[in-house]
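Shown below: query.cif, with mmCIF, C-alpha atoms and all ligand atoms.
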```cif
data_data
#
loop_
_atom_site.label_atom_id
_atom_site.label_comp_id
_atom_site.auth_asym_id
_atom_site.auth_seq_id
_atom_site.Cartn_x
_atom_site.Cartn_y
_atom_site.Cartn_z
CA MET E 1 100.08 180.33 110.46
CA SER E 2 99.67 177.04 108.62
CA ALA E 3 96.65 174.90 109.44
CA VAL E 4 97.45 171.73 111.31
CA ALA E 5 95.51 168.71 110.15
CA ILE E 6 94.02 166.87 113.07
CA ALA E 7 93.90 163.17 112.50
CA PRO E 8 90.55 161.60 113.44
CA LEU E 9 90.74 159.89 116.79
CA ALA E 10 91.11 156.18 116.31
CA GLU E 11 88.50 154.10 118.16
CA PRO E 12 90.36 152.93 121.24
CA VAL E 13 90.91 149.20 121.38
CA PRO E 14 88.64 147.99 124.20
CA ARG E 15 90.39 146.28 127.05
CA THR E 16 87.48 143.92 127.50
CA ALA E 17 84.95 142.77 124.90
CA ILE E 18 81.82 140.97 126.00
CA VAL E 19 78.86 139.12 124.55
CA LEU E 20 75.69 138.72 126.58
CA LEU E 21 73.55 135.60 126.44
CA GLY E 22 70.10 136.23 127.91
CA THR E 23 68.25 139.50 127.91
CA GLY E 24 65.57 138.61 130.44
CA VAL E 25 65.23 140.10 133.91
CA VAL E 26 68.93 139.82 134.83
CA GLY E 27 70.27 140.46 131.30
CA ARG E 28 68.25 143.68 130.99
CA ALA E 29 69.52 144.91 134.35
CA LEU E 30 73.07 144.20 133.18
CA LEU E 31 72.49 146.16 129.96
CA THR E 32 71.46 149.12 132.11
CA LEU E 33 74.71 148.83 134.11
CA LEU E 34 76.73 148.52 130.89
CA GLY E 35 75.49 151.99 129.98
CA THR E 36 76.97 153.52 133.18
CA PRO E 37 80.47 155.01 133.68
CA ALA E 38 81.49 151.96 135.75
CA ALA E 39 81.46 149.93 132.52
CA ARG E 40 83.37 152.38 130.37
CA SER E 41 86.27 149.98 129.79
CA LEU E 42 83.95 147.32 128.37
CA ARG E 43 82.69 146.92 124.84
CA LEU E 44 79.54 144.90 124.22
CA VAL E 45 79.94 143.23 120.82
CA GLY E 46 76.88 140.99 120.78
CA ALA E 47 73.74 140.01 122.64
CA ALA E 48 71.30 137.15 122.29
CA ASN E 49 68.04 135.83 123.64
CA SER E 50 66.73 132.32 123.07
CA ARG E 51 65.66 133.03 119.49
CA ARG E 52 67.64 135.97 118.11
CA GLN E 53 70.95 137.75 118.31
CA HIS E 54 72.58 141.00 117.31
CA VAL E 55 76.33 141.12 116.67
CA LEU E 56 78.63 144.05 115.91
CA ALA E 57 82.37 143.81 116.58
CA ASP E 58 82.63 147.63 116.64
CA GLY E 59 80.29 147.74 119.60
CA VAL E 60 76.59 147.45 120.35
CA THR E 61 75.00 150.27 122.35
CA PRO E 62 73.54 148.57 125.45
CA GLY E 63 70.43 150.77 125.41
CA GLU E 64 69.59 149.69 121.87
CA VAL E 65 69.86 145.94 122.36
CA ALA E 66 66.14 145.31 122.92
CA GLU E 67 65.20 147.16 119.75
CA ARG E 68 67.97 145.53 117.71
CA LEU E 69 66.92 142.08 118.89
CA ALA E 70 63.29 142.78 118.08
CA LYS E 71 64.31 143.65 114.51
CA ALA E 72 67.07 141.04 114.18
CA ARG E 73 66.86 138.45 111.43
CA GLU E 74 69.78 136.42 112.71
CA GLY E 75 68.74 133.21 114.49
CA ARG E 76 70.72 131.76 117.39
CA ASP E 77 74.25 130.63 116.69
CA ASN E 78 77.13 131.17 119.11
CA LEU E 79 79.82 131.15 116.42
CA PRO E 80 79.23 134.74 115.16
CA LEU E 81 79.17 135.92 118.78
CA LEU E 82 82.55 134.33 119.51
CA ALA E 83 83.87 135.65 116.18
CA ALA E 84 82.85 139.19 117.22
CA LEU E 85 84.82 138.75 120.47
CA ASP E 86 87.87 137.72 118.43
CA ALA E 87 87.41 140.56 115.93
CA ALA E 88 87.25 143.19 118.69
CA SER E 89 91.01 142.64 119.33
CA ALA E 90 90.39 143.18 123.02
CA THR E 91 92.80 142.07 125.72
CA ARG E 92 90.05 140.08 127.41
CA LYS E 93 87.15 138.28 125.74
CA VAL E 94 84.18 137.42 127.91
CA VAL E 95 81.00 135.43 127.47
CA VAL E 96 78.38 136.51 130.02
CA ASP E 97 75.68 133.89 130.57
CA ALA E 98 72.48 135.37 131.98
CA THR E 99 70.28 132.52 130.84
CA ALA E 100 68.97 129.54 132.78
CA CYS E 101 69.70 127.34 129.78
CA ALA E 102 71.42 124.00 130.53
CA ILE E 103 72.66 123.73 126.94
CA GLU E 104 74.50 127.06 127.14
CA ALA E 105 75.88 126.06 130.55
CA SER E 106 77.18 122.82 129.07
CA ARG E 107 79.41 124.95 126.79
CA HIS E 108 81.10 126.90 129.58
CA ALA E 109 84.05 124.50 129.86
CA GLU E 110 84.56 124.49 126.09
CA TRP E 111 84.63 128.32 125.97
CA LEU E 112 87.07 128.49 128.87
CA ALA E 113 89.34 125.94 127.24
CA ALA E 114 89.30 128.09 124.09
CA GLY E 115 90.53 131.08 126.11
CA TYR E 116 87.27 133.01 126.62
CA HIS E 117 86.50 134.09 130.17
CA VAL E 118 83.01 133.09 131.29
CA VAL E 119 80.96 135.12 133.75
CA THR E 120 77.70 133.45 134.71
CA ALA E 121 74.48 133.69 136.66
CA ASN E 122 73.56 130.31 135.21
CA LYS E 123 74.22 127.57 137.80
CA ALA E 124 73.40 124.56 135.64
CA LEU E 125 77.00 123.44 135.04
CA ALA E 126 78.79 124.22 138.32
CA GLY E 127 75.73 123.07 140.32
CA GLY E 128 74.86 120.13 138.08
CA HIS E 129 76.55 116.76 137.61
CA LEU E 130 79.94 116.36 139.21
CA SER E 131 81.43 115.61 135.77
CA GLY E 132 80.48 119.17 134.68
CA TRP E 133 82.17 120.64 137.73
CA ARG E 134 85.30 118.59 137.01
CA ALA E 135 85.28 119.73 133.37
CA LEU E 136 85.19 123.33 134.62
CA GLN E 137 88.19 122.75 136.88
CA SER E 138 90.25 121.34 134.00
CA ALA E 139 89.12 124.10 131.62
CA THR E 140 90.23 126.90 133.94
CA ALA E 141 93.69 125.38 134.30
CA GLY E 142 94.66 127.20 131.07
CA GLY E 143 94.16 130.60 132.73
CA ALA E 144 90.66 131.58 131.61
CA VAL E 145 88.55 132.77 134.55
CA TYR E 146 85.13 131.50 135.61
CA GLY E 147 83.22 134.37 137.21
CA ASP E 148 80.57 132.72 139.37
CA ALA E 149 79.71 135.31 142.07
CA ALA E 150 76.14 135.62 140.76
CA THR E 151 75.45 131.91 141.13
CA VAL E 152 75.26 131.96 144.94
CA GLY E 153 73.47 134.59 147.01
CA ALA E 154 73.04 136.80 143.90
CA GLY E 155 76.56 138.11 144.45
CA LEU E 156 76.85 138.06 148.26
CA PRO E 157 80.55 137.42 149.02
CA VAL E 158 80.12 133.72 149.77
CA LEU E 159 82.29 131.97 147.19
CA SER E 160 85.04 134.60 147.37
CA THR E 161 85.14 134.29 151.17
CA LEU E 162 85.23 130.53 151.03
CA ARG E 163 88.09 130.52 148.51
CA ARG E 164 90.00 133.00 150.61
CA LEU E 165 89.61 130.83 153.71
CA ARG E 166 90.74 127.74 151.80
CA HIS E 167 93.71 129.64 150.44
CA CYS E 168 94.74 130.25 154.05
CA GLY E 169 94.44 126.55 154.86
CA ASP E 170 91.02 126.75 156.55
CA SER E 171 88.44 124.03 155.79
CA LEU E 172 84.66 124.08 155.71
CA LEU E 173 83.16 121.75 158.30
CA THR E 174 79.43 122.48 158.07
CA LEU E 175 77.17 124.76 156.13
CA GLU E 176 73.64 125.83 156.93
CA GLY E 177 71.23 128.52 155.87
CA VAL E 178 68.68 129.95 153.52
CA PHE E 179 70.05 129.94 149.97
CA SER E 180 66.99 131.00 147.99
CA GLY E 181 65.93 134.62 147.68
CA SER E 182 62.48 133.77 146.39
CA LEU E 183 61.76 131.08 149.00
CA SER E 184 63.08 133.37 151.71
CA TRP E 185 60.80 136.19 150.52
CA LEU E 186 57.82 133.81 150.33
CA PHE E 187 58.22 132.20 153.76
CA ASN E 188 59.24 135.44 155.48
CA GLN E 189 55.82 136.80 154.53
CA TYR E 190 53.54 133.81 154.42
CA ASP E 191 51.25 133.89 157.43
CA GLY E 192 48.28 132.03 155.97
CA SER E 193 46.26 135.21 155.42
CA ARG E 194 47.04 135.43 151.71
CA PRO E 195 47.21 132.41 149.42
CA PHE E 196 50.76 131.19 148.83
CA SER E 197 50.09 131.24 145.05
CA SER E 198 49.31 134.95 145.16
CA LEU E 199 52.62 135.67 146.92
CA LEU E 200 54.40 133.48 144.36
CA ARG E 201 52.93 135.54 141.50
CA ASP E 202 54.37 138.67 143.16
CA ALA E 203 57.80 137.04 143.63
CA ARG E 204 57.82 136.16 139.94
CA ARG E 205 56.77 139.68 138.90
CA LEU E 206 59.57 141.15 141.05
CA GLY E 207 62.17 138.98 139.26
CA PHE E 208 63.09 136.80 142.27
CA THR E 209 62.09 133.40 140.88
CA GLU E 210 63.70 131.30 138.18
CA PRO E 211 62.12 131.51 134.71
CA ASP E 212 60.10 128.43 135.74
CA PRO E 213 59.35 128.91 139.48
CA ARG E 214 59.30 125.14 139.93
CA SER E 215 63.11 125.33 139.85
CA ASP E 216 62.82 127.25 143.14
CA LEU E 217 59.88 125.36 144.67
CA SER E 218 61.32 121.95 143.82
CA GLY E 219 64.47 122.77 145.81
CA GLU E 220 66.57 122.27 142.67
CA ASP E 221 67.93 125.82 142.67
CA VAL E 222 68.85 125.59 146.36
CA ALA E 223 70.48 122.20 145.83
CA ARG E 224 72.58 123.66 143.00
CA LYS E 225 73.80 126.46 145.26
CA LEU E 226 74.63 124.00 148.01
CA LEU E 227 76.60 121.91 145.50
CA ILE E 228 78.47 124.96 144.19
CA ILE E 229 79.47 126.00 147.71
CA ALA E 230 80.35 122.48 148.81
CA ARG E 231 82.45 121.84 145.70
CA ASN E 232 84.25 125.15 146.10
CA ALA E 233 85.00 124.01 149.63
CA GLY E 234 86.57 120.80 148.35
CA PHE E 235 83.68 118.32 148.81
CA ALA E 236 83.34 116.20 145.65
CA LEU E 237 79.58 116.02 146.14
CA GLY E 238 77.43 114.48 143.39
CA SER E 239 74.07 116.00 142.50
CA ASP E 240 72.39 112.73 143.54
CA GLU E 241 73.91 113.03 147.01
CA VAL E 242 71.68 115.92 148.06
CA GLU E 243 68.39 114.98 149.65
CA VAL E 244 65.86 117.42 148.22
CA GLU E 245 62.33 118.12 149.45
CA SER E 246 60.11 119.44 146.68
CA LEU E 247 57.17 121.73 147.39
CA VAL E 248 55.71 121.08 143.93
CA PRO E 249 52.68 118.78 144.16
CA GLU E 250 53.09 115.55 142.17
CA ALA E 251 50.37 116.54 139.68
CA LEU E 252 52.21 119.73 138.71
CA ARG E 253 55.66 118.22 138.15
CA GLY E 254 55.23 116.96 134.59
CA VAL E 255 53.16 119.77 133.07
CA ASP E 256 54.61 122.58 130.92
CA THR E 257 55.43 125.97 132.44
CA LYS E 258 52.26 127.67 131.22
CA ALA E 259 50.01 124.94 132.61
CA PHE E 260 51.91 125.10 135.90
CA LEU E 261 51.45 128.88 136.12
CA ASP E 262 47.73 128.46 135.37
CA ARG E 263 47.38 125.95 138.21
CA LEU E 264 49.40 127.73 140.92
CA ASP E 265 46.48 127.66 143.36
CA GLU E 266 47.06 123.90 143.76
CA LEU E 267 50.05 124.87 145.92
CA ASP E 268 47.83 126.64 148.43
CA GLU E 269 46.20 123.87 150.48
CA PRO E 270 49.31 121.77 151.23
CA LEU E 271 51.26 124.87 152.28
CA ARG E 272 48.38 126.24 154.32
CA GLU E 273 48.40 122.94 156.25
CA ARG E 274 52.18 123.00 156.76
CA HIS E 275 51.94 126.58 157.99
CA ALA E 276 49.06 125.83 160.38
CA GLN E 277 51.00 122.85 161.79
CA ALA E 278 54.11 124.99 162.33
CA ARG E 279 52.06 127.71 164.02
CA ALA E 280 50.44 125.15 166.33
CA ASN E 281 53.98 124.10 167.32
CA GLY E 282 54.96 127.74 168.00
CA LYS E 283 57.31 127.72 164.98
CA VAL E 284 57.74 129.22 161.51
CA LEU E 285 58.55 127.62 158.16
CA ARG E 286 61.89 128.19 156.47
CA TYR E 287 63.41 126.45 153.44
CA LEU E 288 66.84 125.44 154.76
CA ALA E 289 69.95 123.94 153.23
CA ARG E 290 72.33 121.90 155.37
CA LEU E 291 75.62 120.14 154.84
CA ASN E 292 77.03 118.29 157.83
CA GLN E 293 80.55 117.26 158.68
CA ARG E 294 80.08 113.80 157.17
CA GLY E 295 79.13 115.38 153.83
CA ARG E 296 75.41 114.62 154.26
CA ALA E 297 73.41 117.28 152.42
CA ARG E 298 69.72 118.10 152.64
CA VAL E 299 67.51 120.94 151.44
CA GLY E 300 63.89 121.23 152.52
CA LEU E 301 61.16 122.97 154.45
CA VAL E 302 61.77 122.99 158.18
CA GLU E 303 59.82 124.25 161.18
CA VAL E 304 62.17 126.51 163.15
CA GLY E 305 61.68 128.20 166.50
CA HIS E 306 61.63 131.98 166.91
CA ASP E 307 65.13 131.77 168.35
CA HIS E 308 66.54 130.26 165.12
CA PRO E 309 68.61 132.78 163.09
CA ALA E 310 66.63 132.02 159.91
CA SER E 311 63.38 133.03 161.65
CA ARG E 312 64.59 136.63 161.78
CA LEU E 313 65.26 137.11 158.06
CA SER E 314 63.36 139.64 155.99
CA GLY E 315 62.78 140.38 152.30
CA THR E 316 64.84 138.16 150.00
CA ASP E 317 67.55 137.69 152.62
CA ASN E 318 69.87 134.73 152.22
CA GLN E 319 71.89 133.46 155.14
CA PHE E 320 75.03 131.32 154.92
CA ALA E 321 76.44 130.04 158.20
CA LEU E 322 79.90 128.55 157.61
CA THR E 323 81.57 126.55 160.35
CA THR E 324 85.22 125.99 159.56
CA THR E 325 88.26 124.69 161.40
CA ARG E 326 89.04 128.28 162.42
CA TYR E 327 85.45 129.59 162.71
CA HIS E 328 84.31 126.79 164.97
CA ALA E 329 83.05 128.32 168.22
CA THR E 330 80.41 130.27 166.30
CA PRO E 331 79.98 130.21 162.52
CA LEU E 332 80.98 132.89 160.07
CA VAL E 333 77.62 134.24 158.85
CA ILE E 334 77.07 136.01 155.53
CA GLN E 335 73.62 137.50 155.15
CA GLY E 336 71.82 139.87 152.82
CA PRO E 337 69.47 140.11 149.85
CA GLY E 338 69.82 136.97 147.75
CA ALA E 339 67.73 137.61 144.64
CA GLY E 340 66.79 140.46 142.36
CA PRO E 341 67.82 141.67 138.92
CA GLU E 342 69.91 144.67 139.93
CA ILE E 343 72.15 142.98 142.49
CA THR E 344 72.59 139.93 140.29
CA ALA E 345 73.57 142.11 137.33
CA GLN E 346 75.99 143.94 139.58
CA ALA E 347 77.58 140.62 140.55
CA LEU E 348 78.06 139.86 136.85
CA LEU E 349 79.53 143.28 136.16
CA GLY E 350 81.81 142.95 139.20
CA ASP E 351 83.16 139.65 137.91
CA VAL E 352 83.80 141.13 134.45
CA LEU E 353 85.57 144.17 135.91
CA ALA E 354 87.66 141.97 138.19
CA LEU E 355 89.24 140.16 135.23
N1 LIG Z 1 66.56 136.62 139.17
C1 LIG Z 1 67.49 136.57 140.13
O1 LIG Z 1 67.37 137.17 141.20
C2 LIG Z 1 68.72 135.75 139.91
C3 LIG Z 1 68.86 134.99 138.78
N2 LIG Z 1 69.99 134.25 138.60
C4 LIG Z 1 70.13 133.47 137.39
O2 LIG Z 1 70.11 134.33 136.25
C5 LIG Z 1 69.69 133.60 135.13
C6 LIG Z 1 68.65 134.41 134.36
O3 LIG Z 1 67.54 134.61 135.17
P1 LIG Z 1 66.37 135.61 134.72
O4 LIG Z 1 66.96 136.79 134.02
O5 LIG Z 1 65.55 135.83 135.93
O6 LIG Z 1 65.58 134.73 133.66
P2 LIG Z 1 64.65 135.24 132.45
O7 LIG Z 1 63.76 134.11 132.09
O8 LIG Z 1 64.05 136.56 132.77
O9 LIG Z 1 65.71 135.46 131.27
C7 LIG Z 1 66.36 134.41 130.63
C8 LIG Z 1 66.84 134.93 129.29
O10 LIG Z 1 67.64 133.91 128.68
C9 LIG Z 1 67.28 133.82 127.32
N3 LIG Z 1 67.72 132.54 126.81
C10 LIG Z 1 67.24 131.29 127.06
N4 LIG Z 1 67.95 130.38 126.36
C11 LIG Z 1 68.91 131.07 125.70
C12 LIG Z 1 69.95 130.69 124.81
N5 LIG Z 1 70.16 129.42 124.47
N6 LIG Z 1 70.75 131.67 124.29
C13 LIG Z 1 70.56 132.97 124.61
N7 LIG Z 1 69.57 133.37 125.42
C14 LIG Z 1 68.77 132.44 125.96
C15 LIG Z 1 65.78 134.05 127.32
O11 LIG Z 1 65.31 134.38 126.01
C16 LIG Z 1 65.74 135.23 128.28
O12 LIG Z 1 66.06 136.42 127.59
C17 LIG Z 1 69.19 132.25 135.64
O13 LIG Z 1 70.18 131.27 135.45
C18 LIG Z 1 69.01 132.49 137.13
O14 LIG Z 1 69.20 131.34 137.92
C19 LIG Z 1 71.02 134.22 139.50
C20 LIG Z 1 70.93 134.96 140.64
C21 LIG Z 1 69.75 135.75 140.97
N1 LIG Z 2 65.56 132.16 141.89
C1 LIG Z 2 66.74 132.37 142.65
C2 LIG Z 2 67.45 133.57 142.14
C3 LIG Z 2 68.87 133.56 142.51
O1 LIG Z 2 69.61 132.62 142.28
C4 LIG Z 2 66.40 132.55 144.12
O2 LIG Z 2 65.22 132.66 144.40
O3 LIG Z 2 67.30 132.58 144.96
#
```
Is it possible to express this structure as structure tokens?
Amino acid sequence: MSAVAIAPLAEPVPRTAIVLLGTGVVGRALLTLLGTPAARSLRLVGAANSRRQHVLADGVTPGEVAERLAKAREGRDNLPLLAALDAASATRKVVVDATACAIEASRHAEWLAAGYHVVTANKALAGGHLSGWRALQSATAGGAVYGDAATVGAGLPVLSTLRRLRHCGDSLLTLEGVFSGSLSWLFNQYDGSRPFSSLLRDARRLGFTEPDPRSDLSGEDVARKLLIIARNAGFALGSDEVEVESLVPEALRGVDTKAFLDRLDELDEPLRERHAQARANGKVLRYLARLNQRGRARVGLVEVGHDHPASRLSGTDNQFALTTTRYHATPLVIQGPGAGPEITAQALLGDVLAL
């Protein structure tokens, strides 16, 4: 019998090639998911943090990214990352943005226009100036997809539901709820017995807050989510049209992140007073977002009674109450955990797999 030569198996062409920007709390959780069978059709060809990157068009092993980045000599430059996506000859090329960097966000429209899909947890463009939102709308006209599930409710099916309703001719009338996982977690627990700053340190350690927790406490992160939802619902709402109540004391607004984190206890007294006042009124504090039928938007700390739906939340629960032309007698309510690395990473993976 003659021996049959077996040709070496050619590396299969990946259907989807991805690069990952940001290897912090969410990025690391995504790398873990990329090592699971659910991600077998994906090939990671590059990863970057704020200072370094590692690129390999043949594929980067997700579990080795941290080590490769620690040893990497290559500084930050998006061009080699995009070149690796092109070189992978994949059917779909995806940039995943797991940073909170406004500069990277400002490139989303450009990448989409160039034919790369963008999947993002970074809300800075869609939830920023209206001009950025409009640039995104034009950029996706060419067919590239903007995966934004992670930007609202850490992947709760809010934006997908809203788009589906709109597709059926329904319209959003009002919106109300708790849109911040960290602020929900903080106010669901805060009873005055433990300093607010100590709870905030825990929320940061658990990966619920933004890299700089002032983005949460200032209301900025909640305002961005409100803008993203409102714009997806067809309201051309400018970022300056949302009234925002900040919980960051004036003296802590201009300092750098480290100084802010060193001075967290300055948050304690004002919040202790707000809490005591609410308790005296038989109420609890919740950080609420509201958009009314006239397009008036406000985010801020509100005293709510024990019969208010937001008073019954727990953990990092978010709550989105959507009143629409067809859900008008009682609102459509979407509720569930709204922050955390694993669920956010899953939202990113889900958007990549849905392409
Ligand atoms: N933590 C959560 O529960 C959720 C977070 N998000 C969003 O996910 C994003 C990331 O959040 P975290 O992982 O918690 O932050 P993080 O601070 O832990 O990680 C951010 C990462 O981005 C990197 N980075 C910064 N600038 C960069 C640049 N120009 N290029 C490449 N990498 C850069 C940093 O080096 C770091 O690795 C944020 O936009 C946040 O709003 C969204 C939903 C939920
Ligand atoms: N810091 C954010 C994380 C998700 O967007 C929050 O607290 O909701």
message = Using all atoms listed in the file for the distances, tell me which of E:Gly295, E:Gly219, E:Pro157, E:Gly46 is nearest to E:Gly336.
response = E:Pro157
task = Could you jot down the atom CA of E:Gln293 to atom CA of E:Gly128 separation for me, Å, one decimal place?
result = 21.6 Å
request  = All residues within 7 Å of ligand LIG 2 (chain Z) are required, counting only C-alpha atoms and all ligand atoms; please report them as a PyMOL selection string.
outcome  = chain E and resi 151-154+179-183+208-210+216+221+338-340
inquiry  = Give me the residues near E:Leu348 as a ChimeraX atom specification, where near means some atom within 12 Å (using all atoms listed in the file) and where sequence neighbours in that chain fewer than 6 positions away do not count.
reply    = /E:18,20,26-27,29-31,33-34,39,94-98,118-122,146-152,154-156,341-342,354-355
Go ahead and write the residues just picked, C-alpha atoms, as a compact mmCIF listing (two decimals), in the frame of the given file.
```txt
# COMPACT_ATOMS: atom_id res chain seq x y z
CA ILE E 18 81.82 140.97 126.00
CA LEU E 20 75.69 138.72 126.58
CA VAL E 26 68.93 139.82 134.83
CA GLY E 27 70.27 140.46 131.30
CA ALA E 29 69.52 144.91 134.35
CA LEU E 30 73.07 144.20 133.18
CA LEU E 31 72.49 146.16 129.96
CA LEU E 33 74.71 148.83 134.11
CA LEU E 34 76.73 148.52 130.89
CA ALA E 39 81.46 149.93 132.52
CA VAL E 94 84.18 137.42 127.91
CA VAL E 95 81.00 135.43 127.47
CA VAL E 96 78.38 136.51 130.02
CA ASP E 97 75.68 133.89 130.57
CA ALA E 98 72.48 135.37 131.98
CA VAL E 118 83.01 133.09 131.29
CA VAL E 119 80.96 135.12 133.75
CA THR E 120 77.70 133.45 134.71
CA ALA E 121 74.48 133.69 136.66
CA ASN E 122 73.56 130.31 135.21
CA TYR E 146 85.13 131.50 135.61
CA GLY E 147 83.22 134.37 137.21
CA ASP E 148 80.57 132.72 139.37
CA ALA E 149 79.71 135.31 142.07
CA ALA E 150 76.14 135.62 140.76
CA THR E 151 75.45 131.91 141.13
CA VAL E 152 75.26 131.96 144.94
CA ALA E 154 73.04 136.80 143.90
CA GLY E 155 76.56 138.11 144.45
CA LEU E 156 76.85 138.06 148.26
CA PRO E 341 67.82 141.67 138.92
CA GLU E 342 69.91 144.67 139.93
CA ALA E 354 87.66 141.97 138.19
CA LEU E 355 89.24 140.16 135.23
```
inquiry  = When you count all atoms listed in the file, which of these residues is closest to ligand LIG 1 (chain Z): E:Asp77, E:Asp351, E:Asp58, E:Glu176?
reply    =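 Closest to ligand LIG 1 (chain Z) of all the choices is E:Asp77.
Using all atoms listed in the file, the shortest contact distance between ligand LIG 1 (chain Z) and any of E:Leu79, E:Ala72, E:Leu162, E:Cys101 is found at E:Cys101.
With atom CA of E:Ala109 on one side and atom C16 of ligand LIG 1 (chain Z) on the other, the separation reads 21.3 Å.
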